[in-house]
$ cat target30.csv   # CSV, C-alpha atoms
chain,number,residue,atom,x,y,z
D,1,MET,CA,100.7,118.3,84.5
D,2,CYS,CA,100.4,115.9,87.5
D,3,THR,CA,103.9,117.1,88.6
D,4,GLU,CA,102.8,120.7,88.3
D,5,ASP,CA,99.7,120.0,90.3
D,6,TYR,CA,101.6,118.4,93.1
D,7,ILE,CA,104.2,121.2,93.2
D,8,ASN,CA,101.4,123.9,93.3
D,9,LEU,CA,99.6,122.0,96.1
D,10,LEU,CA,102.7,121.5,98.2
D,11,SER,CA,103.7,125.1,97.7
D,12,THR,CA,100.6,126.3,99.6
D,13,LYS,CA,102.1,124.9,102.9
D,14,PHE,CA,105.7,124.2,102.3
D,15,GLU,CA,108.9,126.0,101.2
D,16,LEU,CA,110.0,123.6,98.5
D,17,LEU,CA,113.5,122.5,97.5
D,18,ILE,CA,113.6,120.7,94.1
D,19,PHE,CA,116.1,117.9,93.9
D,20,PRO,CA,116.4,116.7,90.2
D,21,VAL,CA,117.4,113.2,89.3
D,22,GLU,CA,118.2,111.7,85.9
D,23,ASN,CA,117.5,108.2,84.5
D,24,ARG,CA,120.3,105.8,84.3
D,25,LYS,CA,122.1,105.8,81.0
D,26,SER,CA,124.3,102.7,81.2
D,27,ILE,CA,124.3,100.1,78.5
D,28,LEU,CA,122.9,97.6,81.0
D,29,TYR,CA,120.0,99.8,81.8
D,30,ARG,CA,119.2,100.3,78.1
D,31,VAL,CA,119.2,96.6,77.6
D,32,LEU,CA,116.8,96.2,80.6
D,33,VAL,CA,114.5,98.8,79.0
D,34,LYS,CA,114.6,97.0,75.7
D,35,LEU,CA,113.6,93.7,77.4
D,36,GLY,CA,110.9,95.4,79.4
D,37,ILE,CA,112.4,94.5,82.8
D,38,SER,CA,113.6,98.0,83.9
D,39,GLN,CA,110.7,98.7,86.3
D,40,TYR,CA,111.9,100.6,89.4
D,41,ARG,CA,115.5,100.4,88.4
D,42,ASP,CA,115.5,103.8,86.7
D,43,PHE,CA,117.4,106.0,89.3
D,44,LYS,CA,119.6,103.7,91.4
D,45,SER,CA,122.6,106.0,92.0
D,46,PRO,CA,124.5,105.8,95.3
D,47,SER,CA,126.1,109.2,94.6
D,48,LYS,CA,122.7,110.9,94.2
D,49,ILE,CA,121.5,109.2,97.4
D,50,ASN,CA,124.5,110.6,99.3
D,51,GLU,CA,124.0,114.0,97.7
D,52,LEU,CA,120.3,114.0,98.8
D,53,HIS,CA,121.3,112.9,102.3
D,54,ARG,CA,123.7,115.8,102.7
D,55,LEU,CA,121.0,118.3,101.5
D,56,LEU,CA,118.4,117.0,103.9
D,57,ILE,CA,120.8,117.3,106.8
D,58,GLN,CA,122.1,120.7,105.8
D,59,LYS,CA,118.6,122.2,105.4
D,60,ASN,CA,117.1,120.3,108.3
D,61,VAL,CA,114.4,118.9,106.1
D,62,GLU,CA,111.4,117.1,107.8
D,63,PHE,CA,109.4,116.1,104.7
D,64,LEU,CA,110.5,114.4,101.5
D,65,PHE,CA,108.0,114.2,98.6
D,66,LEU,CA,108.9,111.8,95.9
D,67,ASN,CA,107.6,112.6,92.4
D,68,GLN,CA,106.3,109.4,90.8
D,69,SER,CA,106.3,105.9,92.3
D,70,ASN,CA,109.6,104.9,90.6
D,71,THR,CA,111.6,107.3,92.8
D,72,ALA,CA,110.5,105.4,96.0
D,73,PHE,CA,114.0,103.8,96.1
D,74,PHE,CA,115.5,107.2,97.0
D,75,GLY,CA,113.1,107.8,99.9
D,76,ILE,CA,113.7,104.4,101.4
D,77,GLU,CA,117.5,104.5,101.2
D,78,VAL,CA,117.8,108.1,102.4
D,79,LYS,CA,115.5,107.5,105.3
D,80,LYS,CA,117.8,104.7,106.5
D,81,LEU,CA,120.6,107.3,106.7
D,82,VAL,CA,118.5,110.2,108.1
D,83,GLY,CA,116.4,108.2,110.6
D,84,ARG,CA,112.7,108.1,111.6
D,85,ASN,CA,112.4,111.9,111.9
D,86,LEU,CA,112.2,112.2,108.1
D,87,LYS,CA,108.7,111.7,106.7
D,88,VAL,CA,108.6,110.4,103.2
D,89,PHE,CA,105.6,110.5,100.8
D,90,ILE,CA,105.1,109.3,97.3
D,91,CYS,CA,103.4,111.7,94.9
D,92,SER,CA,102.0,108.9,92.6
D,93,HIS,CA,101.0,109.4,89.0
D,94,GLY,CA,99.6,105.9,88.9
D,95,ASN,CA,100.7,102.3,89.5
D,96,GLU,CA,103.1,100.9,86.9
D,97,SER,CA,101.9,97.3,87.4
D,98,GLY,CA,98.4,98.3,86.1
D,99,ASP,CA,99.7,99.5,82.7
D,100,LEU,CA,102.0,96.5,82.5
D,101,LEU,CA,99.0,94.1,83.0
D,102,HIS,CA,97.2,95.8,80.1
D,103,PHE,CA,100.2,95.4,77.8
D,104,MET,CA,100.4,91.7,78.7
D,105,THR,CA,96.8,91.0,77.9
D,106,ARG,CA,95.0,93.7,75.9
D,107,PHE,CA,98.0,94.7,73.8
D,108,ARG,CA,100.0,91.5,73.9
D,109,ALA,CA,100.1,91.2,70.1
D,110,SER,CA,102.0,94.5,69.8
D,111,ILE,CA,104.7,93.5,72.3
D,112,PRO,CA,108.0,92.3,70.7
D,113,TRP,CA,108.2,88.5,70.9
D,114,TYR,CA,111.3,88.5,73.1
D,115,ARG,CA,109.4,90.4,75.9
D,116,HIS,CA,106.9,87.6,76.2
D,117,PHE,CA,109.5,85.4,77.9
D,118,PHE,CA,109.8,87.9,80.8
D,119,SER,CA,106.3,89.3,81.0
D,120,SER,CA,104.8,87.2,83.8
D,121,TRP,CA,108.0,87.4,85.8
D,122,THR,CA,108.1,91.2,85.3
D,123,LEU,CA,104.5,91.7,86.4
D,124,GLY,CA,105.0,89.7,89.5
D,125,ARG,CA,108.3,91.4,90.4
D,126,THR,CA,106.7,94.9,89.8
D,127,ILE,CA,103.8,94.2,92.1
D,128,LEU,CA,106.1,92.7,94.7
D,129,THR,CA,108.4,95.8,94.5
D,130,GLU,CA,105.5,98.2,94.8
D,131,ALA,CA,104.2,96.4,97.9
D,132,LYS,CA,107.7,96.3,99.5
D,133,HIS,CA,108.1,100.0,99.0
D,134,ARG,CA,104.8,100.7,100.7
D,135,ALA,CA,105.7,98.5,103.6
D,136,GLY,CA,109.2,100.0,103.8
D,137,GLY,CA,110.1,103.5,104.8
D,138,ILE,CA,107.3,105.3,102.9
D,139,ASN,CA,104.9,107.1,105.3
D,140,GLY,CA,102.1,107.7,102.8
D,141,VAL,CA,101.0,108.0,99.2
D,142,PHE,CA,99.2,110.8,97.3
D,143,THR,CA,97.1,109.5,94.5
D,144,VAL,CA,95.5,111.2,91.5
D,145,SER,CA,92.2,109.2,91.4
D,146,GLU,CA,89.9,107.2,93.6
D,147,VAL,CA,90.8,104.0,91.7
D,148,GLU,CA,94.5,104.5,92.4
D,149,THR,CA,93.6,105.1,96.1
D,150,GLN,CA,92.1,101.6,96.4
D,151,ILE,CA,95.1,100.1,94.5
D,152,GLU,CA,97.5,101.8,97.0
D,153,ASN,CA,95.4,100.4,99.9
D,154,TRP,CA,95.6,96.9,98.3
D,155,LEU,CA,99.4,97.3,97.9
D,156,GLY,CA,99.7,98.0,101.7
D,157,ALA,CA,100.3,101.8,101.8
D,158,LYS,CA,100.3,103.0,105.4
D,159,ARG,CA,98.2,106.1,104.5
D,160,VAL,CA,96.7,107.3,101.3
D,161,LEU,CA,95.3,110.7,100.2
D,162,PHE,CA,93.4,111.2,97.0
D,163,VAL,CA,94.2,114.6,95.5
D,164,PRO,CA,91.4,115.7,93.0
D,165,ARG,CA,92.5,117.4,89.8
D,166,THR,CA,92.4,121.2,89.7
D,167,ILE,CA,91.2,123.0,86.6
D,168,THR,CA,92.7,126.4,85.5
D,169,ASN,CA,90.3,128.8,83.8
D,170,GLN,CA,91.8,129.6,80.4
D,171,PHE,CA,88.5,130.1,78.5
D,172,GLN,CA,88.8,130.9,74.8
D,173,PHE,CA,86.4,132.4,72.2
D,174,TYR,CA,84.6,129.8,70.2
D,175,ASN,CA,82.7,130.1,66.9
D,176,ASN,CA,79.6,128.1,66.0
D,177,ARG,CA,81.0,125.7,63.3
D,178,LEU,CA,78.9,122.6,63.7
D,179,GLY,CA,79.8,118.9,63.3
D,180,ILE,CA,83.4,119.3,64.3
D,181,VAL,CA,84.8,117.4,67.3
D,182,GLY,CA,88.4,117.1,68.3
D,183,PHE,CA,91.0,115.1,70.2
D,184,ILE,CA,94.5,116.0,71.5
D,185,GLY,CA,96.9,113.4,72.7
D,186,ASP,CA,99.9,111.1,72.0
D,187,LEU,CA,98.6,108.4,69.6
D,188,SER,CA,101.5,106.1,70.5
D,189,HIS,CA,100.1,105.9,74.1
D,190,ALA,CA,98.1,102.7,74.1
D,191,PRO,CA,95.0,103.9,75.9
D,192,ASN,CA,94.7,106.9,73.5
D,193,TYR,CA,95.1,104.8,70.4
D,194,PHE,CA,92.8,102.0,71.6
D,195,GLY,CA,90.1,104.6,72.5
D,196,LEU,CA,90.3,106.5,69.3
D,197,LYS,CA,90.3,103.4,67.1
D,198,SER,CA,87.3,101.9,68.9
D,199,LEU,CA,85.4,105.2,68.6
D,200,CYS,CA,86.3,105.5,64.9
D,201,ASP,CA,85.1,102.0,64.2
D,202,ALA,CA,81.8,102.8,66.0
D,203,ILE,CA,81.3,105.9,64.0
D,204,ASN,CA,82.1,104.1,60.8
D,205,GLU,CA,79.6,101.4,61.5
D,206,THR,CA,76.7,103.9,61.8
D,207,GLY,CA,77.2,104.9,58.1
D,208,ASP,CA,75.9,108.4,59.1
D,209,TYR,CA,79.1,110.4,59.3
D,210,ASN,CA,78.9,112.7,56.3
D,211,ASN,CA,78.2,115.8,58.4
D,212,ILE,CA,80.8,115.3,61.1
D,213,GLN,CA,84.6,115.6,61.3
D,214,LEU,CA,86.9,114.2,63.9
D,215,ARG,CA,90.1,116.3,64.1
D,216,ILE,CA,93.1,114.8,65.8
D,217,VAL,CA,96.1,116.7,67.2
D,218,GLY,CA,99.3,115.1,68.4
D,219,SER,CA,102.0,112.6,67.6
D,220,SER,CA,102.8,110.1,66.3
D,221,PHE,CA,102.6,110.9,62.6
D,222,ASP,CA,102.5,107.4,61.3
D,223,ILE,CA,99.5,106.3,63.5
D,224,GLY,CA,97.6,109.6,62.8
D,225,THR,CA,98.1,109.2,59.0
D,226,ILE,CA,96.8,105.6,59.1
D,227,LEU,CA,93.7,106.7,60.9
D,228,GLU,CA,93.1,109.5,58.4
D,229,LYS,CA,93.4,107.1,55.5
D,230,GLU,CA,91.2,104.5,57.1
D,231,TYR,CA,88.3,106.8,58.1
D,232,SER,CA,86.9,109.5,55.8
D,233,PHE,CA,85.7,111.6,58.7
D,234,VAL,CA,89.1,111.9,60.3
D,235,SER,CA,91.4,114.8,59.8
D,236,TYR,CA,94.9,114.3,61.3
D,237,LEU,CA,96.7,117.6,62.0
D,238,GLY,CA,99.9,116.3,63.5
D,239,TYR,CA,101.7,118.1,66.3
D,240,LEU,CA,100.8,121.7,66.8
D,241,LYS,CA,102.3,124.5,68.8
D,242,ASN,CA,100.3,125.8,71.8
D,243,GLU,CA,99.1,128.9,70.0
D,244,ASP,CA,98.0,126.9,67.0
D,245,VAL,CA,96.2,124.4,69.2
D,246,LEU,CA,94.1,127.3,70.7
D,247,ILE,CA,93.2,128.5,67.2
D,248,GLU,CA,92.3,125.0,66.1
D,249,CYS,CA,90.1,124.4,69.2
D,250,GLU,CA,88.0,127.5,68.4
D,251,SER,CA,86.1,125.4,65.7
D,252,TRP,CA,85.4,122.4,67.9
D,253,SER,CA,81.9,121.9,69.2
D,254,PHE,CA,83.1,119.1,71.6
D,255,PHE,CA,86.3,117.6,72.8
D,256,VAL,CA,86.1,113.8,72.8
D,257,ASN,CA,87.7,111.7,75.6
D,258,PRO,CA,87.4,108.1,74.5
D,259,VAL,CA,88.7,106.3,77.6
D,260,PHE,CA,87.2,102.8,77.8
D,261,TYR,CA,89.4,101.0,80.3
D,262,TYR,CA,91.3,101.9,83.5
D,263,SER,CA,94.8,102.9,82.8
D,264,ARG,CA,97.5,104.4,84.9
D,265,GLY,CA,96.8,107.7,86.5
D,266,VAL,CA,94.1,110.1,85.1
D,267,THR,CA,93.1,111.7,81.9
D,268,THR,CA,94.9,115.1,82.2
D,269,LYS,CA,93.6,116.2,78.8
D,270,LEU,CA,90.0,116.3,80.3
D,271,GLY,CA,91.1,119.1,82.7
D,272,LYS,CA,92.9,120.9,79.9
D,273,ALA,CA,89.8,120.8,77.6
D,274,LEU,CA,87.5,122.0,80.4
D,275,GLY,CA,89.9,124.8,81.3
D,276,LEU,CA,89.7,126.0,77.7
D,277,GLY,CA,85.9,126.0,78.0
D,278,ILE,CA,85.3,123.2,75.6
D,279,PRO,CA,82.5,120.8,76.4
D,280,VAL,CA,83.7,117.2,76.5
D,281,ILE,CA,81.9,114.0,75.5
D,282,THR,CA,83.6,111.5,77.9
D,283,THR,CA,83.1,108.3,79.9
D,284,GLU,CA,82.9,107.7,83.6
D,285,ILE,CA,86.3,106.1,83.5
D,286,GLY,CA,87.6,109.2,81.7
D,287,CYS,CA,86.3,111.4,84.6
D,288,ARG,CA,88.2,109.6,87.3
D,289,GLY,CA,90.2,111.9,89.5
D,290,TYR,CA,88.0,114.9,88.9
D,291,HIS,CA,85.4,116.3,91.3
D,292,TRP,CA,83.0,119.2,90.8
D,293,GLU,CA,79.9,120.4,92.6
D,294,ARG,CA,78.0,121.9,89.7
D,295,GLY,CA,77.6,121.3,86.0
D,296,VAL,CA,77.2,118.2,83.9
D,297,LEU,CA,78.9,116.6,80.9
D,298,PRO,CA,77.5,114.1,78.3
D,299,ILE,CA,78.9,110.9,79.8
D,300,VAL,CA,78.7,107.6,78.0
D,301,GLN,CA,80.0,104.0,78.6
D,302,THR,CA,80.9,102.5,75.3
D,303,PRO,CA,82.4,103.5,71.9
D,304,VAL,CA,78.9,103.0,70.3
D,305,GLN,CA,77.3,105.3,72.8
D,306,MET,CA,80.0,107.9,72.2
D,307,ALA,CA,79.6,107.7,68.5
D,308,SER,CA,75.8,108.2,68.9
D,309,ALA,CA,76.4,111.2,71.2
D,310,ILE,CA,78.7,112.8,68.7
D,311,LEU,CA,76.2,112.4,65.9
D,312,GLN,CA,73.4,113.8,68.0
D,313,LEU,CA,75.1,116.7,69.8
D,314,SER,CA,77.8,118.1,67.6
D,315,SER,CA,75.4,119.7,65.1
D,316,ASP,CA,72.8,120.9,67.7
D,317,ILE,CA,73.7,124.5,68.5
D,318,GLU,CA,71.4,124.6,71.5
D,319,LYS,CA,73.0,121.5,73.0
D,320,ILE,CA,76.5,122.9,72.3
D,321,ASN,CA,75.7,126.2,74.0
D,322,TYR,CA,74.1,124.3,76.9
D,323,TYR,CA,77.1,122.2,77.6
D,324,ARG,CA,79.4,125.2,77.2
D,325,SER,CA,77.5,126.8,80.0
D,326,GLN,CA,77.9,123.7,82.1
D,327,VAL,CA,81.7,123.7,81.6
D,328,VAL,CA,81.7,127.2,83.3
D,329,GLU,CA,79.9,125.7,86.3
D,330,ILE,CA,82.2,122.7,86.4
D,331,VAL,CA,85.4,124.8,86.3
D,332,ASN,CA,84.1,127.3,88.9
D,333,SER,CA,83.0,124.5,91.3
D,334,SER,CA,86.2,122.4,91.0
D,335,PRO,CA,88.7,122.1,93.9
D,336,THR,CA,91.5,124.7,94.2
D,337,TYR,CA,94.9,124.2,95.7
D,338,GLU,CA,93.8,126.4,98.7
D,339,ASN,CA,90.7,124.1,99.2
D,340,LEU,CA,93.0,121.1,99.4
D,341,SER,CA,95.8,122.6,101.5
D,342,ASP,CA,94.2,121.8,104.9
D,343,ARG,CA,93.7,118.2,103.9
D,344,LEU,CA,97.4,118.1,102.9
D,345,ILE,CA,98.5,119.3,106.3
D,346,ASN,CA,96.3,116.8,108.2
D,347,PHE,CA,97.6,114.0,106.1
D,348,VAL,CA,101.3,114.6,106.6
D,349,SER,CA,101.1,115.5,110.3
$ encode --input "target30.csv" --output "structure tokens"
Amino acid sequence: MCTEDYINLLSTKFELLIFPVENRKSILYRVLVKLGISQYRDFKSPSKINELHRLLIQKNVEFLFLNQSNTAFFGIEVKKLVGRNLKVFICSHGNESGDLLHFMTRFRASIPWYRHFFSSWTLGRTILTEAKHRAGGINGVFTVSEVETQIENWLGAKRVLFVPRTITNQFQFYNNRLGIVGFIGDLSHAPNYFGLKSLCDAINETGDYNNIQLRIVGSSFDIGTILEKEYSFVSYLGYLKNEDVLIECESWSFFVNPVFYYSRGVTTKLGKALGLGIPVITTEIGCRGYHWERGVLPIVQTPVQMASAILQLSSDIEKINYYRSQVVEIVNSSPTYENLSDRLINFVS
């Protein structure tokens, strides 16, 4: 979704040429991935750099936009060949070192033992690489949240532009079934699992969950099944097709966005839920990267507060209808690509 956002924004002012690259597939690269020391070594391909160089010269390209930070290597190497007239920008989805830090601390117990030997070295090397890229041939960095903007400044980026998330209106019809809240996401993604598990523990501790149901959509099957067995109020639905997701969401009074620490990038599912017209119980951290001029959401800080909000709001039809009306205001007052296009041109000029 972040990739689509960047493409749609850049398309307002530029004629885009898409240059696809593939991850390395060598045995050595796979070993590095297994050991957890593959950061920023994903695409090092001299033939691709030469191919990109020829394309830039042939088309007289002035601007090169790099999708995700781990493609910075291409921009730096190609700029050495093309010269200073080429302006290179990273379209960042978030800093890799931030997630790596969480894995080393918050989720250290889940990391294979052999990765512990390299973890400190890998973190230091990753931060050093990020800083070197920013100080090298990169002219500027687009970020997806205010937090990432400050991180990029800290890493030494020459210029940084925060690009707020856009929200597409895809409002659906919703019935009035009470007490049902839902979540959509990859449960193998550490922030998702940590958030859901913390929320479920908080709901469970209230002892007052007989009239609510938390319905979870997404992989992985093993994790979802464990949550369903552990908590009587959880219904795990697995992976659903898009059309089935829309039907399922019709019964939800609220979408829950249990984000309780800063992870890489933004919560793209917040924008998806708002675009469908579903009110969201979220945290301030979960709203990073989104701006709107009108409308409010129920915003909490902790798993206990989110559990309390679910119990209080999900069976109150007046509150449900109120927050649905607020979602309309939020979506209608959020930035559009056209709103952001002038900022884009000023930034790259």
$ residues_around --input "target30.csv" --residues "Glu228 (chain D)" --least-positions-apart "3" --cutoff "12 Å" --atoms "all atoms listed in the file" --output "list in words"
Leu196, Lys197, Cys200, Gln213, Leu214, Arg215, Ile216, Val217, Phe221, Asp222, Ile223, Gly224, Thr225, Tyr231, Ser232, Phe233, Val234, Ser235, Tyr236, Leu237 and Gly238 of chain D
$ residues_around --input "target30.csv" --residues "Leu276 (chain D)" --least-positions-apart "2" --cutoff "6 Å" --atoms "all atoms listed in the file" --output "PyMOL selection string"
chain D and resi 170-172+273-274+278
$ closest_residue --input "target30.csv" --among "D:Ile184, D:Val245, D:Leu32, D:Leu178" --to "Lys319 (chain D)" --atoms "only C-alpha atoms"
D:Leu178
$ closest_atom_pairs --input "target30.csv" --of "region 118-187 of chain D" --to "region 248-269 of chain D" --cutoff "9 Å" --atoms "only C-alpha atoms" --output "Markdown table"
| residue | atom | partner | partner_atom | distance |
| --- | --- | --- | --- | --- |
| D:Thr143 | CA | D:Gly265 | CA | 8.2 |
| D:Val144 | CA | D:Gly265 | CA | 6.2 |
| D:Ser145 | CA | D:Val266 | CA | 6.6 |
| D:Val147 | CA | D:Tyr262 | CA | 8.5 |
| D:Glu148 | CA | D:Gly265 | CA | 7.1 |
| D:Arg165 | CA | D:Thr268 | CA | 8.3 |
| D:Gln172 | CA | D:Glu250 | CA | 7.3 |
| D:Phe173 | CA | D:Glu250 | CA | 6.4 |
| D:Tyr174 | CA | D:Glu250 | CA | 4.5 |
| D:Asn175 | CA | D:Ser251 | CA | 5.9 |
| D:Asn176 | CA | D:Ser251 | CA | 7.0 |
| D:Arg177 | CA | D:Ser251 | CA | 5.6 |
| D:Leu178 | CA | D:Ser253 | CA | 6.3 |
| D:Gly179 | CA | D:Ser253 | CA | 6.9 |
| D:Ile180 | CA | D:Trp252 | CA | 5.2 |
| D:Val181 | CA | D:Phe254 | CA | 4.9 |
| D:Gly182 | CA | D:Phe255 | CA | 5.0 |
| D:Phe183 | CA | D:Val256 | CA | 5.7 |
| D:Ile184 | CA | D:Lys269 | CA | 7.4 |
| D:Gly185 | CA | D:Lys269 | CA | 7.5 |
$ residues_around --input "target30.csv" --residues "Gly75 (chain D)" --least-positions-apart "5" --cutoff "12 Å" --atoms "all atoms listed in the file" --output "NGL selection string"
:D and (43-44 or 48-50 or 52-53 or 56 or 63-70 or 80-84 or 86-91 or 133-134 or 136-140)
$ closest_residue --input "target30.csv" --among "D:Thr122, D:Asn210, D:Asn192, D:Thr168" --to "Asp5 (chain D)" --atoms "only C-alpha atoms"
D:Thr168
$ atom_distance --input "target30.csv" --atom1 "CA of Leu187 (chain D)" --atom2 "CA of Gly218 (chain D)"
6.8 Å
$ atom_distance --input "target30.csv" --atom1 "CA of Asn95 (chain D)" --atom2 "CA of Cys287 (chain D)"
17.7 Å
$ atom_distance --input "target30.csv" --atom1 "CA of Leu155 (chain D)" --atom2 "CA of Ala131 (chain D)"
4.9 Å
$ build_atoms --input "target30.csv" --residues "region 265-286 of chain D" --atoms "N, CA and C atoms" --output "mmCIF file, keeping the file's coordinate frame"
data_model
loop_
_atom_site.group_PDB
_atom_site.id
_atom_site.type_symbol
_atom_site.label_atom_id
_atom_site.label_comp_id
_atom_site.auth_asym_id
_atom_site.auth_seq_id
_atom_site.Cartn_x
_atom_site.Cartn_y
_atom_site.Cartn_z
ATOM 1 N N GLY D 265 96.955 106.318 86.270
ATOM 2 C CA GLY D 265 96.800 107.700 86.500
ATOM 3 C C GLY D 265 95.388 108.251 86.112
ATOM 4 N N VAL D 266 95.370 109.455 85.539
ATOM 5 C CA VAL D 266 94.100 110.100 85.100
ATOM 6 C C VAL D 266 94.266 110.665 83.726
ATOM 7 N N THR D 267 93.136 111.122 83.193
ATOM 8 C CA THR D 267 93.100 111.700 81.900
ATOM 9 C C THR D 267 93.363 113.240 82.040
ATOM 10 N N THR D 268 94.615 113.671 81.966
ATOM 11 C CA THR D 268 94.900 115.100 82.200
ATOM 12 C C THR D 268 94.319 115.966 81.097
ATOM 13 N N LYS D 269 94.120 115.407 79.904
ATOM 14 C CA LYS D 269 93.600 116.200 78.800
ATOM 15 C C LYS D 269 92.117 116.631 79.076
ATOM 16 N N LEU D 270 91.405 115.897 79.933
ATOM 17 C CA LEU D 270 90.000 116.300 80.300
ATOM 18 C C LEU D 270 90.076 117.664 80.984
ATOM 19 N N GLY D 271 90.964 117.803 81.962
ATOM 20 C CA GLY D 271 91.100 119.100 82.700
ATOM 21 C C GLY D 271 91.533 120.198 81.749
ATOM 22 N N LYS D 272 92.419 119.874 80.804
ATOM 23 C CA LYS D 272 92.900 120.900 79.900
ATOM 24 C C LYS D 272 91.751 121.384 78.984
ATOM 25 N N ALA D 273 90.932 120.458 78.478
ATOM 26 C CA ALA D 273 89.800 120.800 77.600
ATOM 27 C C ALA D 273 88.791 121.668 78.395
ATOM 28 N N LEU D 274 88.470 121.233 79.605
ATOM 29 C CA LEU D 274 87.500 122.000 80.400
ATOM 30 C C LEU D 274 88.047 123.368 80.741
ATOM 31 N N GLY D 275 89.342 123.454 81.018
ATOM 32 C CA GLY D 275 89.900 124.800 81.300
ATOM 33 C C GLY D 275 89.869 125.716 80.141
ATOM 34 N N LEU D 276 89.868 125.172 78.921
ATOM 35 C CA LEU D 276 89.700 126.000 77.700
ATOM 36 C C LEU D 276 88.284 126.350 77.423
ATOM 37 N N GLY D 277 87.364 125.754 78.178
ATOM 38 C CA GLY D 277 85.900 126.000 78.000
ATOM 39 C C GLY D 277 85.268 125.169 76.955
ATOM 40 N N ILE D 278 85.913 124.049 76.562
ATOM 41 C CA ILE D 278 85.300 123.200 75.600
ATOM 42 C C ILE D 278 84.512 122.080 76.246
ATOM 43 N N PRO D 279 83.239 121.906 75.888
ATOM 44 C CA PRO D 279 82.500 120.800 76.400
ATOM 45 C C PRO D 279 83.077 119.461 75.967
ATOM 46 N N VAL D 280 83.005 118.447 76.822
ATOM 47 C CA VAL D 280 83.700 117.200 76.500
ATOM 48 C C VAL D 280 82.652 116.039 76.569
ATOM 49 N N ILE D 281 82.679 115.221 75.529
ATOM 50 C CA ILE D 281 81.900 114.000 75.500
ATOM 51 C C ILE D 281 82.922 112.915 76.080
ATOM 52 N N THR D 282 82.595 112.339 77.235
ATOM 53 C CA THR D 282 83.600 111.500 77.900
ATOM 54 C C THR D 282 82.870 110.259 78.489
ATOM 55 N N THR D 283 83.643 109.450 79.181
ATOM 56 C CA THR D 283 83.100 108.300 79.900
ATOM 57 C C THR D 283 83.303 108.474 81.372
ATOM 58 N N GLU D 284 82.659 107.623 82.156
ATOM 59 C CA GLU D 284 82.900 107.700 83.600
ATOM 60 C C GLU D 284 84.313 107.405 83.961
ATOM 61 N N ILE D 285 84.903 106.432 83.280
ATOM 62 C CA ILE D 285 86.300 106.100 83.500
ATOM 63 C C ILE D 285 87.180 107.333 83.195
ATOM 64 N N GLY D 286 86.830 108.046 82.132
ATOM 65 C CA GLY D 286 87.600 109.200 81.700
ATOM 66 C C GLY D 286 87.498 110.379 82.688
#
